[in-house]
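One file, data_20.cif, is given below (mmCIF, C-alpha atoms).
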data_model
loop_
_atom_site.group_PDB
_atom_site.id
_atom_site.type_symbol
_atom_site.label_atom_id
_atom_site.label_comp_id
_atom_site.auth_asym_id
_atom_site.auth_seq_id
_atom_site.Cartn_x
_atom_site.Cartn_y
_atom_site.Cartn_z
ATOM 1 C CA MET A 63 0.610 20.391 71.880
ATOM 2 C CA GLY A 64 2.237 23.771 72.065
ATOM 3 C CA ASN A 65 5.489 24.570 73.812
ATOM 4 C CA PRO A 66 6.323 23.390 77.320
ATOM 5 C CA THR A 67 4.726 25.217 80.215
ATOM 6 C CA LYS A 68 7.242 26.892 82.482
ATOM 7 C CA ILE A 69 6.578 26.057 86.102
ATOM 8 C CA ARG A 70 8.318 27.293 89.207
ATOM 9 C CA ALA A 71 7.190 25.812 92.500
ATOM 10 C CA THR A 72 8.877 26.967 95.676
ATOM 11 C CA HIS A 73 8.197 25.887 99.231
ATOM 12 C CA LYS A 74 8.550 28.244 102.166
ATOM 13 C CA ASP A 75 7.150 28.121 105.713
ATOM 14 C CA GLY A 76 4.569 25.438 105.003
ATOM 15 C CA VAL A 77 3.226 27.062 101.846
ATOM 16 C CA THR A 78 4.080 26.219 98.263
ATOM 17 C CA GLU A 79 3.946 28.994 95.722
ATOM 18 C CA VAL A 80 3.433 27.971 92.132
ATOM 19 C CA ARG A 81 4.108 30.260 89.194
ATOM 20 C CA VAL A 82 3.133 29.090 85.760
ATOM 21 C CA SER A 83 3.788 30.540 82.351
ATOM 22 C CA ILE A 84 1.919 28.830 79.545
ATOM 23 C CA SER A 85 2.752 29.188 75.891
ATOM 24 C CA HIS A 86 -0.500 29.838 74.039
ATOM 25 C CA GLU A 87 -1.830 32.311 71.465
ATOM 26 C CA MET A 88 -5.048 33.104 73.355
ATOM 27 C CA GLU A 89 -6.735 34.493 70.246
ATOM 28 C CA THR A 90 -9.858 36.407 71.274
ATOM 29 C CA GLY A 91 -11.961 35.993 68.155
ATOM 30 C CA GLN A 92 -12.306 39.809 68.003
ATOM 31 C CA ARG A 93 -9.268 40.454 65.872
ATOM 32 C CA LYS A 94 -9.328 40.735 62.080
ATOM 33 C CA ASP A 95 -6.520 39.755 59.752
ATOM 34 C CA ALA A 96 -5.125 41.894 56.915
ATOM 35 C CA ASN A 97 -8.040 40.874 54.637
ATOM 36 C CA GLY A 98 -10.637 41.865 57.195
ATOM 37 C CA ALA A 99 -11.561 38.284 58.037
ATOM 38 C CA VAL A 100 -12.137 37.545 61.698
ATOM 39 C CA VAL A 101 -9.399 35.434 63.240
ATOM 40 C CA PRO A 102 -11.275 32.652 65.014
ATOM 41 C CA ALA A 103 -11.043 32.414 68.784
ATOM 42 C CA TRP A 104 -8.402 30.023 70.060
ATOM 43 C CA PHE A 105 -7.860 30.041 73.768
ATOM 44 C CA ILE A 106 -7.315 27.903 76.838
ATOM 45 C CA THR A 107 -10.579 27.041 78.547
ATOM 46 C CA GLU A 108 -9.401 24.946 81.419
ATOM 47 C CA PHE A 109 -6.343 24.834 83.623
ATOM 48 C CA VAL A 110 -5.744 22.309 86.368
ATOM 49 C CA ALA A 111 -2.893 21.977 88.871
ATOM 50 C CA ARG A 112 -2.238 18.971 91.057
ATOM 51 C CA HIS A 113 0.166 18.267 93.877
ATOM 52 C CA ASN A 114 0.755 14.545 94.460
ATOM 53 C CA GLU A 115 -2.505 13.707 92.633
ATOM 54 C CA LYS A 116 -4.423 16.138 94.831
ATOM 55 C CA LEU A 117 -6.152 18.954 93.004
ATOM 56 C CA VAL A 118 -4.799 22.334 94.122
ATOM 57 C CA LEU A 119 -6.303 24.618 91.518
ATOM 58 C CA HIS A 120 -8.989 24.322 88.903
ATOM 59 C CA SER A 121 -9.537 27.330 86.733
ATOM 60 C CA GLU A 122 -11.505 28.272 83.695
ATOM 61 C CA PHE A 123 -10.265 30.902 81.285
ATOM 62 C CA GLY A 124 -12.112 33.113 78.886
ATOM 63 C CA THR A 125 -10.614 34.984 75.959
ATOM 64 C CA ALA A 126 -9.588 37.904 78.178
ATOM 65 C CA VAL A 127 -6.630 36.081 79.686
ATOM 66 C CA SER A 128 -3.485 37.504 78.096
ATOM 67 C CA ARG A 129 -1.443 35.714 75.462
ATOM 68 C CA ASN A 130 1.031 33.261 77.016
ATOM 69 C CA PRO A 131 -0.982 33.154 80.246
ATOM 70 C CA TYR A 132 0.751 33.743 83.546
ATOM 71 C CA LEU A 133 -0.664 32.411 86.764
ATOM 72 C CA ALA A 134 0.519 32.426 90.352
ATOM 73 C CA PHE A 135 -1.143 30.763 93.324
ATOM 74 C CA ARG A 136 -0.274 29.230 96.690
ATOM 75 C CA PHE A 137 -1.322 26.118 98.527
ATOM 76 C CA LYS A 138 -0.633 24.832 102.031
ATOM 77 C CA GLY A 139 1.676 21.869 102.356
ATOM 78 C CA GLY A 140 3.956 20.421 99.757
ATOM 79 C CA SER A 141 7.584 19.720 100.431
ATOM 80 C CA LYS A 142 10.784 19.997 98.506
ATOM 81 C CA GLY A 143 11.049 17.225 95.940
ATOM 82 C CA ASP A 144 7.278 16.791 95.527
ATOM 83 C CA LYS A 145 5.809 16.990 92.079
ATOM 84 C CA VAL A 146 3.442 19.639 90.805
ATOM 85 C CA VAL A 147 1.601 18.715 87.639
ATOM 86 C CA VAL A 148 -0.245 21.281 85.541
ATOM 87 C CA SER A 149 -2.409 20.709 82.507
ATOM 88 C CA TRP A 150 -4.433 22.880 80.201
ATOM 89 C CA LYS A 151 -7.010 22.323 77.521
ATOM 90 C CA ASP A 152 -8.052 24.740 74.775
ATOM 91 C CA ASN A 153 -11.242 25.297 72.792
ATOM 92 C CA LYS A 154 -9.834 23.346 69.850
ATOM 93 C CA GLY A 155 -9.440 20.264 72.027
ATOM 94 C CA ASP A 156 -5.667 20.575 72.267
ATOM 95 C CA SER A 157 -4.119 19.935 75.638
ATOM 96 C CA ARG A 158 -0.801 19.710 77.378
ATOM 97 C CA THR A 159 0.532 18.468 80.701
ATOM 98 C CA ASP A 160 3.809 19.481 82.315
ATOM 99 C CA GLU A 161 5.337 18.881 85.683
ATOM 100 C CA ALA A 162 7.922 20.387 87.968
ATOM 101 C CA VAL A 163 9.572 19.519 91.246
ATOM 102 C CA ILE A 164 9.071 21.758 94.278
ATOM 103 C CA THR A 165 12.284 23.469 95.329
ATOM 104 C CA MET B 276 -13.536 -5.673 53.541
ATOM 105 C CA ASN B 277 -10.885 -3.480 54.993
ATOM 106 C CA THR B 278 -11.200 -4.294 58.685
ATOM 107 C CA GLN B 279 -8.535 -1.849 59.732
ATOM 108 C CA ARG B 280 -10.487 0.973 58.200
ATOM 109 C CA ARG B 281 -13.625 -0.218 59.987
ATOM 110 C CA THR B 282 -11.833 -0.103 63.313
ATOM 111 C CA ILE B 283 -10.634 3.419 62.703
ATOM 112 C CA VAL B 284 -14.077 4.622 61.677
ATOM 113 C CA LYS B 285 -15.556 3.002 64.769
ATOM 114 C CA GLY B 286 -12.943 4.582 66.984
ATOM 115 C CA LEU B 287 -13.600 7.982 65.451
ATOM 116 C CA SER B 288 -17.331 7.833 65.909
ATOM 117 C CA GLY B 289 -16.733 6.868 69.536
ATOM 118 C CA ALA B 290 -14.602 9.938 70.044
ATOM 119 C CA ALA B 291 -17.170 12.087 68.246
ATOM 120 C CA LEU B 292 -19.906 10.754 70.490
ATOM 121 C CA LEU B 293 -17.835 11.557 73.540
ATOM 122 C CA LYS B 294 -17.475 15.115 72.296
ATOM 123 C CA VAL B 295 -21.212 15.455 71.797
ATOM 124 C CA LEU B 296 -21.842 14.140 75.294
ATOM 125 C CA ALA B 297 -19.224 16.491 76.714
ATOM 126 C CA ALA B 298 -20.806 19.432 74.901
ATOM 127 C CA ALA B 299 -24.188 18.483 76.279
ATOM 128 C CA GLY B 300 -22.715 18.575 79.761
ATOM 129 C CA PHE B 301 -22.893 14.860 80.480
ATOM 130 C CA ILE B 302 -19.176 14.366 80.768
ATOM 131 C CA ALA B 303 -16.770 16.900 82.205
ATOM 132 C CA PRO B 304 -13.693 16.937 80.005
ATOM 133 C CA GLY B 305 -10.260 16.322 81.446
ATOM 134 C CA SER B 306 -10.932 16.415 85.114
ATOM 135 C CA ALA B 307 -14.122 15.100 86.620
ATOM 136 C CA LEU B 308 -15.148 18.620 87.498
ATOM 137 C CA ALA B 309 -17.619 21.196 86.317
ATOM 138 C CA GLU B 310 -17.942 21.826 82.602
ATOM 139 C CA TRP B 311 -16.511 25.077 81.218
ATOM 140 C CA ASN B 312 -19.206 27.587 82.063
ATOM 141 C CA THR B 313 -20.201 28.623 78.536
ATOM 142 C CA ALA B 314 -23.062 30.822 79.679
ATOM 143 C CA ALA B 315 -20.888 32.800 82.069
ATOM 144 C CA PHE B 316 -18.041 33.290 79.602
ATOM 145 C CA ALA B 317 -20.382 34.190 76.725
ATOM 146 C CA ALA B 318 -22.355 36.712 78.794
ATOM 147 C CA LYS B 319 -22.058 40.234 77.400
ATOM 148 C CA SER B 320 -22.773 42.334 80.449
ATOM 149 C CA LEU B 321 -21.797 42.300 84.075
ATOM 150 C CA GLY B 322 -25.341 41.527 85.158
ATOM 151 C CA GLU B 323 -25.641 38.579 82.789
ATOM 152 C CA THR B 324 -22.303 37.214 83.952
ATOM 153 C CA LEU B 325 -23.229 37.427 87.614
ATOM 154 C CA LYS B 326 -26.502 35.716 86.811
ATOM 155 C CA ALA B 327 -24.745 32.909 84.938
ATOM 156 C CA LEU B 328 -22.446 32.423 87.919
ATOM 157 C CA SER B 329 -25.505 32.420 90.240
ATOM 158 C CA ALA B 330 -23.743 35.166 92.150
ATOM 159 C CA GLY B 331 -26.828 37.329 92.747
ATOM 160 C CA THR B 332 -25.784 40.782 93.905
ATOM 161 C CA PRO B 333 -22.408 40.391 95.578
ATOM 162 C CA ALA B 334 -21.685 42.623 98.560
ATOM 163 C CA GLU B 335 -18.624 44.869 98.476
ATOM 164 C CA SER B 336 -16.178 43.531 101.024
ATOM 165 C CA ASN B 337 -12.931 45.018 102.279
ATOM 166 C CA HIS B 338 -11.719 41.490 102.980
ATOM 167 C CA VAL B 339 -11.378 41.049 99.252
ATOM 168 C CA SER B 340 -8.612 42.905 97.517
ATOM 169 C CA LEU B 341 -7.888 43.406 93.885
ATOM 170 C CA THR B 342 -4.417 44.492 92.946
ATOM 171 C CA GLY B 343 -3.451 45.972 89.627
ATOM 172 C CA PRO B 344 -2.108 49.132 88.061
ATOM 173 C CA ASP B 345 -4.074 52.402 88.119
ATOM 174 C CA ILE B 346 -3.058 52.975 84.538
ATOM 175 C CA ALA B 347 -2.225 50.220 82.087
ATOM 176 C CA GLU B 348 -0.280 51.349 79.063
ATOM 177 C CA ASN B 349 -0.936 48.150 77.190
ATOM 178 C CA GLY B 350 -4.418 46.684 77.523
ATOM 179 C CA ALA B 351 -3.189 43.340 76.205
ATOM 180 C CA ILE B 352 -1.233 42.573 79.342
ATOM 181 C CA VAL B 353 -2.679 43.937 82.559
ATOM 182 C CA PRO B 354 -1.345 42.208 85.681
ATOM 183 C CA VAL B 355 -4.041 41.691 88.293
ATOM 184 C CA GLY B 356 -4.242 39.774 91.533
ATOM 185 C CA VAL B 357 -7.057 38.806 93.842
ATOM 186 C CA THR B 358 -6.720 37.943 97.495
ATOM 187 C CA SER B 359 -9.442 37.224 99.990
ATOM 188 C CA SER B 360 -9.102 36.968 103.732
ATOM 189 C CA LEU B 361 -12.638 35.644 104.096
ATOM 190 C CA PRO B 362 -12.708 32.157 105.613
ATOM 191 C CA ASN B 363 -13.673 29.297 103.292
ATOM 192 C CA THR B 364 -13.115 31.169 100.072
ATOM 193 C CA THR B 365 -13.830 28.517 97.457
ATOM 194 C CA MET B 366 -14.021 30.502 94.234
ATOM 195 C CA VAL B 367 -12.396 33.575 92.746
ATOM 196 C CA ALA B 368 -13.329 35.221 89.459
ATOM 197 C CA ILE B 369 -12.072 38.259 87.582
ATOM 198 C CA LEU B 370 -14.550 40.369 85.630
ATOM 199 C CA ILE B 371 -13.899 43.359 83.398
ATOM 200 C CA GLU B 372 -17.045 45.442 83.020
ATOM 201 C CA LYS B 373 -16.381 46.956 79.602
ATOM 202 C CA ASN B 374 -14.885 43.956 77.842
ATOM 203 C CA PRO B 375 -17.001 42.268 75.130
ATOM 204 C CA ASN B 376 -17.377 39.377 77.563
ATOM 205 C CA PRO B 377 -16.771 40.524 81.128
ATOM 206 C CA LEU B 378 -15.648 37.215 82.647
ATOM 207 C CA ALA B 379 -11.901 36.739 82.198
ATOM 208 C CA ALA B 380 -11.171 33.772 84.423
ATOM 209 C CA SER B 381 -12.526 31.842 87.345
ATOM 210 C CA PHE B 382 -10.621 29.775 89.859
ATOM 211 C CA VAL B 383 -11.980 27.002 92.038
ATOM 212 C CA LEU B 384 -9.890 26.696 95.177
ATOM 213 C CA PRO B 385 -9.903 23.291 96.836
ATOM 214 C CA GLU B 386 -9.280 23.141 100.573
ATOM 215 C CA GLY B 387 -5.670 24.005 101.316
ATOM 216 C CA THR B 388 -5.274 26.396 98.410
ATOM 217 C CA GLU B 389 -4.953 30.003 99.529
ATOM 218 C CA ALA B 390 -7.333 32.624 98.213
ATOM 219 C CA SER B 391 -4.606 34.481 96.388
ATOM 220 C CA VAL B 392 -4.181 34.315 92.641
ATOM 221 C CA GLN B 393 -2.355 36.501 90.176
ATOM 222 C CA THR B 394 -2.673 36.529 86.435
ATOM 223 C CA ARG B 395 -2.594 38.832 83.427
ATOM 224 C CA ILE B 396 -5.686 39.930 81.564
ATOM 225 C CA LYS B 397 -6.678 41.799 78.420
ATOM 226 C CA MET B 398 -8.723 44.955 78.660
ATOM 227 C CA ALA B 399 -10.474 46.549 75.680
ATOM 228 C CA GLN B 400 -10.691 49.977 77.304
ATOM 229 C CA THR B 401 -10.671 51.816 80.619
ATOM 230 C CA SER B 402 -13.051 49.940 82.855
ATOM 231 C CA ASN B 403 -13.973 48.841 86.318
ATOM 232 C CA VAL B 404 -12.473 45.464 87.140
ATOM 233 C CA TYR B 405 -14.227 43.271 89.660
ATOM 234 C CA ALA B 406 -12.828 40.557 91.870
ATOM 235 C CA LEU B 407 -15.655 38.215 92.716
ATOM 236 C CA VAL B 408 -15.184 35.659 95.465
ATOM 237 C CA LYS B 409 -17.390 33.007 96.954
ATOM 238 C CA ALA B 410 -16.873 32.383 100.655
ATOM 239 C CA ASP B 411 -19.073 30.174 102.824
ATOM 240 C CA GLY B 412 -21.528 29.993 99.920
ATOM 241 C CA LYS B 413 -21.941 33.793 99.700
ATOM 242 C CA PHE B 414 -20.586 36.129 97.056
ATOM 243 C CA PHE B 415 -18.458 39.193 97.738
ATOM 244 C CA MET B 416 -16.508 41.524 95.529
ATOM 245 C CA ALA B 417 -13.945 44.263 95.264
ATOM 246 C CA THR B 418 -13.728 46.862 92.519
ATOM 247 C CA ARG B 419 -10.886 48.764 90.953
ATOM 248 C CA GLU B 420 -10.833 51.099 88.013
ATOM 249 C CA ILE B 421 -7.975 50.496 85.624
ATOM 250 C CA LYS B 422 -7.309 53.100 82.965
ATOM 251 C CA VAL B 423 -6.170 51.672 79.667
ATOM 252 C CA ILE B 424 -4.160 53.698 77.193
ATOM 253 C CA VAL B 425 -4.037 51.218 74.296
ATOM 254 C CA GLY B 426 -6.859 48.659 74.190
ATOM 255 C CA GLY B 427 -5.994 44.968 74.159
ATOM 256 C CA CYS B 428 -8.839 43.756 72.015
ATOM 257 C CA GLY B 429 -6.768 43.320 68.909
ATOM 258 C CA ALA B 430 -4.109 41.379 70.775
#

What is this file in structure tokens?
Amino acid sequence: MGNPTKIRATHKDGVTEVRVSISHEMETGQRKDANGAVVPAWFITEFVARHNEKLVLHSEFGTAVSRNPYLAFRFKGGSKGDKVVVSWKDNKGDSRTDEAVIT
Amino acid sequence: MNTQRRTIVKGLSGAALLKVLAAAGFIAPGSALAEWNTAAFAAKSLGETLKALSAGTPAESNHVSLTGPDIAENGAIVPVGVTSSLPNTTMVAILIEKNPNPLAASFVLPEGTEASVQTRIKMAQTSNVYALVKADGKFFMATREIKVIVGGCGA
């Protein structure tokens, strides 16, 4: 499940800006541990954001997205008090959904 | 016979089947959208990646901008941003030429979402970084060289 995703959604002049900080290892599969064994890849593959059930962003990640991924994007519309829901899924089948209210 | 056990086994095989179907591309996991583009993310060169994304040879466009540092001290966290002023930009992707797998992330932008995304990427070494966008069904790109002092491969 991982730790909660931090979400900040702010509305200004008809546009909502969403900033997301996800807690995830994002292991590349390139790194070796102290014994020289390859640490298997473990990373988020899919990230989806919705505003009032409407999809506002659908992204796919590879291993080159930094640990604890940060993402910022903007969409037209949205108003204060609306909900923004974000979810991610990783290559091990783990997933998490969090939501925030637009301020 | 232990019926409870039967039910669990049945339930498990159902889930396993679903996984197999998902892997084969029959069912898109999570959202009812495109399957994670394995070919594009596994591609090992820029050319292969562009091919897997069916991007052909994207034209350089000054309507696409890629922001980022000129020099990144730590290759594990390189902040980059892509914006496009092209109308109907529906897709944005970030590619790092000299990474083991160039494609870092791709973003599908539904109508109403602005073509402006920022994120942080890992870079193995100094490399050209490409912002690839799809607008009106055509592909365009912007390039920026980012110098990396300490590679982010081991991070």

Using only C-alpha atoms, tabulate the residues of chain A lying at most 8 Å from any atom of chain B, each with its closest atom pair and that distance in Å to one decimal, by chain and increasing residue number, as CSV.
residue,atom,partner,partner_atom,distance
A:Glu89,CA,B:Ala430,CA,7.4
A:Thr90,CA,B:Cys428,CA,7.5
A:Gln92,CA,B:Cys428,CA,6.6
A:Arg93,CA,B:Gly429,CA,4.9
A:Lys94,CA,B:Gly429,CA,7.7
A:Thr107,CA,B:Trp311,CA,6.8
A:Glu108,CA,B:Trp311,CA,7.1
A:Val110,CA,B:Ser306,CA,8.0
A:Leu117,CA,B:Pro385,CA,6.9
A:Val118,CA,B:Pro385,CA,5.9
A:Leu119,CA,B:Leu384,CA,5.5
A:His120,CA,B:Val383,CA,5.1
A:Ser121,CA,B:Phe382,CA,4.1
A:Glu122,CA,B:Ser381,CA,5.2
A:Phe123,CA,B:Ala380,CA,4.3
A:Gly124,CA,B:Ala379,CA,4.9
A:Thr125,CA,B:Ala379,CA,6.6
A:Ala126,CA,B:Ala379,CA,4.8
A:Val127,CA,B:Ile396,CA,4.4
A:Ser128,CA,B:Ile396,CA,4.8
A:Arg129,CA,B:Ala430,CA,7.8
A:Pro131,CA,B:Arg395,CA,6.7
A:Tyr132,CA,B:Thr394,CA,5.3
A:Leu133,CA,B:Thr394,CA,4.6
A:Ala134,CA,B:Gln393,CA,5.0
A:Phe135,CA,B:Val392,CA,4.7
A:Arg136,CA,B:Glu389,CA,5.5
A:Phe137,CA,B:Thr388,CA,4.0
A:Lys138,CA,B:Gly387,CA,5.2
A:Gly139,CA,B:Gly387,CA,7.7
A:Lys151,CA,B:Gly305,CA,7.9

Do you have the atom CA of A:Asp160-atom CA of A:Arg81 distance handy?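 Atom CA of A:Arg81 lies 12.8 Å from atom CA of A:Asp160.
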
Could you jot down the atom CA of B:Gly343 to atom CA of A:Val148 separation for me, Å, one decimal place?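 Atom CA of B:Gly343 sits 25.2 Å away from atom CA of A:Val148.
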
Distance atom CA of B:Ser402-atom CA of A:Trp150, one decimal place? 28.5 Å

Among listed residues A:Val146, A:Glu161, A:Ile106, A:Lys154, nearest A:His73 (using all atoms listed in the file):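 Closest to A:His73, using all atoms listed in the file: A:Val146.
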
Smallest atom-to-atom distance to B:Thr332: which of B:Val423, B:Gln400, B:Lys413, B:Thr418, using only C-alpha atoms?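 Nearest to B:Thr332: B:Lys413.
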
When you look at A:Ala162 with a cut-off of 9 Å (counting all atoms listed in the file), what residues show up, excluding the ones that are within fewer than 3 positions of it in the same chain? I need them as a compact mmCIF listing (two decimals) with C-alpha atoms, in the coordinates of the input.
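Result file follows (out_25.txt):
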# COMPACT_ATOMS: atom_id res chain seq x y z
CA LYS A 68 7.24 26.89 82.48
CA ILE A 69 6.58 26.06 86.10
CA ARG A 70 8.32 27.29 89.21
CA ALA A 71 7.19 25.81 92.50
CA ASP A 144 7.28 16.79 95.53
CA LYS A 145 5.81 16.99 92.08
CA VAL A 146 3.44 19.64 90.80
CA VAL A 147 1.60 18.72 87.64
CA VAL A 148 -0.24 21.28 85.54

Once the PyMOL selection byres ((chain A and resi 141) around 9) has been evaluated on this model, what residues remain selected, and can you format them as an MDAnalysis selection string? chainID A and resid 72:74 76:78 139:140 142:145 164:165
